[in-house]
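Asker: Sharing a structure here in structure tokens format.
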4 protein chains.
Amino acid sequence: MPHDTPYTHAAQIRFSDTDAARIAYTGRFPQLAMDAIDGWFRDRLGTDWFRLNVDEGVGTPFVHLSIDMRSPLTPRDLLETTVLVAKAGNASLEFKVIGRVGERVSFEGRFVCVFVDLASGKPMRIPERYRGAVTTEAALATDAAIPG
Amino acid sequence: MPHDTPYTHAAQIRFSDTDAARIAYTGRFPQLAMDAIDGWFRDRLGTDWFRLNVDEGVGTPFVHLSIDMRSPLTPRDLLETTVLVAKAGNASLEFKVIGRVGERVSFEGRFVCVFVDLASGKPMRIPERYRGAVTTEAALATDAAIPG
Amino acid sequence: MPHDTPYTHAAQIRFSDTDAARIAYTGRFPQLAMDAIDGWFRDRLGTDWFRLNVDEGVGTPFVHLSIDMRSPLTPRDLLETTVLVAKAGNASLEFKVIGRVGERVSFEGRFVCVFVDLASGKPMRIPERYRGAVTTEAALATDAAIPG
Amino acid sequence: MPHDTPYTHAAQIRFSDTDAARIAYTGRFPQLAMDAIDGWFRDRLGTDWFRLNVDEGVGTPFVHLSIDMRSPLTPRDLLETTVLVAKAGNASLEFKVIGRVGERVSFEGRFVCVFVDLASGKPMRIPERYRGAVTTEAALATDAAIPG
């Protein structure tokens, strides 16, 4: 049964995320975003990068990532990251991620991955079993009010 | 005495950088780039983010980062990341980073930080004591053959 | 109102936790355990390391950690880590942590932190406001069937 | 040609290692120690965990780690970690690691790994090609003044 709202990933910001400036370290933002996208694969496709690689022979290397940091994060914050499929290609997915603490936007980013057949090492069409969910998610993203 | 070639940061890719796809994890690329930029501050400005924050009352939060991954990294690789000052504003620095293994380009990225006076919390001009080196570095970047 | 069962911290093992051996990296186990202890401070003391340091002027540096790895973790696993107060000193806490996936034990560890007054840099008694909860937790740990 | 002094691994402590207490995060110490042990495999055995796993079909899962933190680390510090083979078993290695900044000891630890034949999943004798170097290293450790 398709979901009717975009996936949102909750993560408590922890002491381990901070640096000596007493905010979450810049290098942690991509990891927080990647954890949210990992959650999207689990929730929306019913798989994850480990199963794709180890069980299904499918790699999804990321070829691009970008993040605009709008406001800092601290361990006082419960981060909620919305993951949208901004573009679904034949062999690639472009995600838009928006990290919020309550109403405050902390970051917005774009992440692009390519599906690769591990046996041949070549790009491959997104497996048929995931295309329905991907289409649904791409439609959800169009409907969502996407800031930025 | 000013340097006459761009700063390059060497880092052995380690097992701790890898994931179950047996390449360096996507989320590690920004950290590898940030470590190189940290090295640039040490080598070219004679300071670092810790001293800036703790001793000098200056923050340098990053407001943007983007990376294009061109080829994977493994623990067989010694990564050499060149750090260029693509743009020096009054209160900001835009870095271009290019990670290579030998001749092979692994990634290219852009990182933008803003100088902030920690006492007021407001953006500030890059401190006078660093402006000479910053100007030299920006000139070096113009001269360098910048791919991409 | 005191809790009557030990704190257990749930964490999905993610791709970012894995290494090229296709299991969670050794260096991740202490971080998984520390995240669980961070959760304990939040749940049982109503504070956390960030608030302690920044708001309360109290540091809790760890002086010892040890972990025995009993079985590997992969992204197929939902890790549940029980955190017990094995020993409550005047100025220190010794935690016993047990990480399980269902019935299977993945790791057991001991972590010791010392309470430090940040103004003086010297060890301090555990603040009065936390001593009741600490005593309750130490009693819970005695009652719990502690493996190992 | 065998080495006649123990392996020491140098690592600049970076901003990315720190937390909001403005010292290196507890959870980073095991990673710093593991990076040093990774360096030992490269320098003393001429291999590394990636090559062992991917090329040689040999795993070296760690079954124990413990660290005593003696003094904090900050980005002002160049960490030098000595790696000693405290015990060489048939199928296991126990490392003693001592992290120093100049004369100051920051941490001491013990890490134990087991050699596993990845084809069978069972422990295996340390491969013959590494036994000479392992024996030399174990003798070096006996000769070294080992604190603690």
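Each chain of the structure tokens is named A, B, ... in the order shown, its residues numbered from 1; ligands are numbered from 1 in display order.
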With DSSP run on the backbone, what are the strand (DSSP E) residues within range 1-131 of chain A? I'd like them as a ChimeraX atom specification.
Answerer: /A:7-12,58-59,62-69,78-88,92-101,104-114,116-117,122-123
Asker: Name all residues at most 10 Å from Ala36 in chain D (count only C-alpha atoms; drop same-chain ones fewer than 3 positions away) and give them as a list of chain:residue names.
Answerer: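 Contacts, in chain order: D:Tyr7, D:Thr8, D:His9, D:Ala10, D:Ala11, D:Pro30, D:Gln31, D:Leu32, D:Ala33, D:Gly39, D:Trp40, D:Phe41, D:Arg42, D:Glu80, D:Thr81, D:Thr82, D:Val83, D:Val97, D:Ile98, D:Gly99.
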Asker: Compile the residues of chain B that lie within 7 Å of chain C, evaluated using only C-alpha atoms, and express the compilation as an mmCIF file with N, CA, C and O atoms, in the first residue's frame.
Answerer:
```cif
data_model
loop_
_atom_site.group_PDB
_atom_site.id
_atom_site.type_symbol
_atom_site.label_atom_id
_atom_site.label_comp_id
_atom_site.auth_asym_id
_atom_site.auth_seq_id
_atom_site.Cartn_x
_atom_site.Cartn_y
_atom_site.Cartn_z
ATOM 1 N N PHE B 15 40.659 1.078 6.295
ATOM 2 C CA PHE B 15 39.531 0.163 6.461
ATOM 3 C C PHE B 15 38.346 0.877 7.100
ATOM 4 O O PHE B 15 37.193 0.620 6.748
ATOM 5 N N SER B 16 38.635 1.775 8.037
ATOM 6 C CA SER B 16 37.567 2.503 8.724
ATOM 7 C C SER B 16 36.787 3.423 7.787
ATOM 8 O O SER B 16 35.706 3.880 8.137
ATOM 9 N N THR B 18 35.783 2.394 4.793
ATOM 10 C CA THR B 18 35.025 1.570 3.843
ATOM 11 C C THR B 18 33.640 1.193 4.374
ATOM 12 O O THR B 18 33.353 1.340 5.567
ATOM 13 N N ASP B 19 32.807 0.714 3.451
ATOM 14 C CA ASP B 19 31.507 0.165 3.827
ATOM 15 C C ASP B 19 31.360 -1.210 3.178
ATOM 16 O O ASP B 19 32.313 -1.716 2.572
ATOM 17 N N ALA B 20 30.188 -1.799 3.333
ATOM 18 C CA ALA B 20 29.986 -3.170 2.870
ATOM 19 C C ALA B 20 30.003 -3.289 1.343
ATOM 20 O O ALA B 20 30.016 -4.406 0.818
ATOM 21 N N ALA B 21 30.007 -2.149 0.621
ATOM 22 C CA ALA B 21 30.203 -2.205 -0.834
ATOM 23 C C ALA B 21 31.694 -2.282 -1.172
ATOM 24 O O ALA B 21 32.065 -2.328 -2.339
ATOM 25 N N ARG B 22 32.524 -2.286 -0.145
ATOM 26 C CA ARG B 22 33.981 -2.444 -0.275
ATOM 27 C C ARG B 22 34.660 -1.276 -0.992
ATOM 28 O O ARG B 22 35.656 -1.431 -1.672
ATOM 29 N N TYR B 25 32.877 4.893 2.036
ATOM 30 C CA TYR B 25 31.467 5.248 2.204
ATOM 31 C C TYR B 25 31.222 6.691 1.745
ATOM 32 O O TYR B 25 32.044 7.582 2.009
#
```
Asker: Which one is closest to Asp4 in chain B: B:Phe62, B:Ala144, B:Phe111, B:Asp77? Count only C-alpha atoms.
Answerer: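 Among the listed residues, B:Ala144 lies closest to Asp4 in chain B.
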Asker: Enter the distance from CA of Val112 in chain B to CA of Thr5 in chain B, in Å, rounded to one decimal.
Answerer: 21.2 Å
Asker: Could you tell me how far CA of Arg125 in chain D sits from CA of Pro6 in chain D, in Å to one decimal place?
Answerer: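 Distance between the two atoms: 23.4 Å.
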Asker: As a short mmCIF file (atom, residue, chain, number, x, y, z; two decimals) with C-alpha atoms, in the first residue's frame, please: the residues near Pro2 in chain C (cut-off 10 Å, only C-alpha atoms, same-chain neighbours under 3 positions excluded).
Answerer:
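Generated file (out_33.cif):
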```cif
data_model
loop_
_atom_site.label_atom_id
_atom_site.label_comp_id
_atom_site.auth_asym_id
_atom_site.auth_seq_id
_atom_site.Cartn_x
_atom_site.Cartn_y
_atom_site.Cartn_z
CA THR C 5 13.56 -1.82 34.59
CA ARG C 44 17.29 8.36 33.64
CA GLY C 132 18.55 9.66 43.85
CA ALA C 133 18.23 8.41 40.31
CA THR C 136 17.89 3.65 42.03
CA GLU C 137 19.75 2.64 38.89
#
```
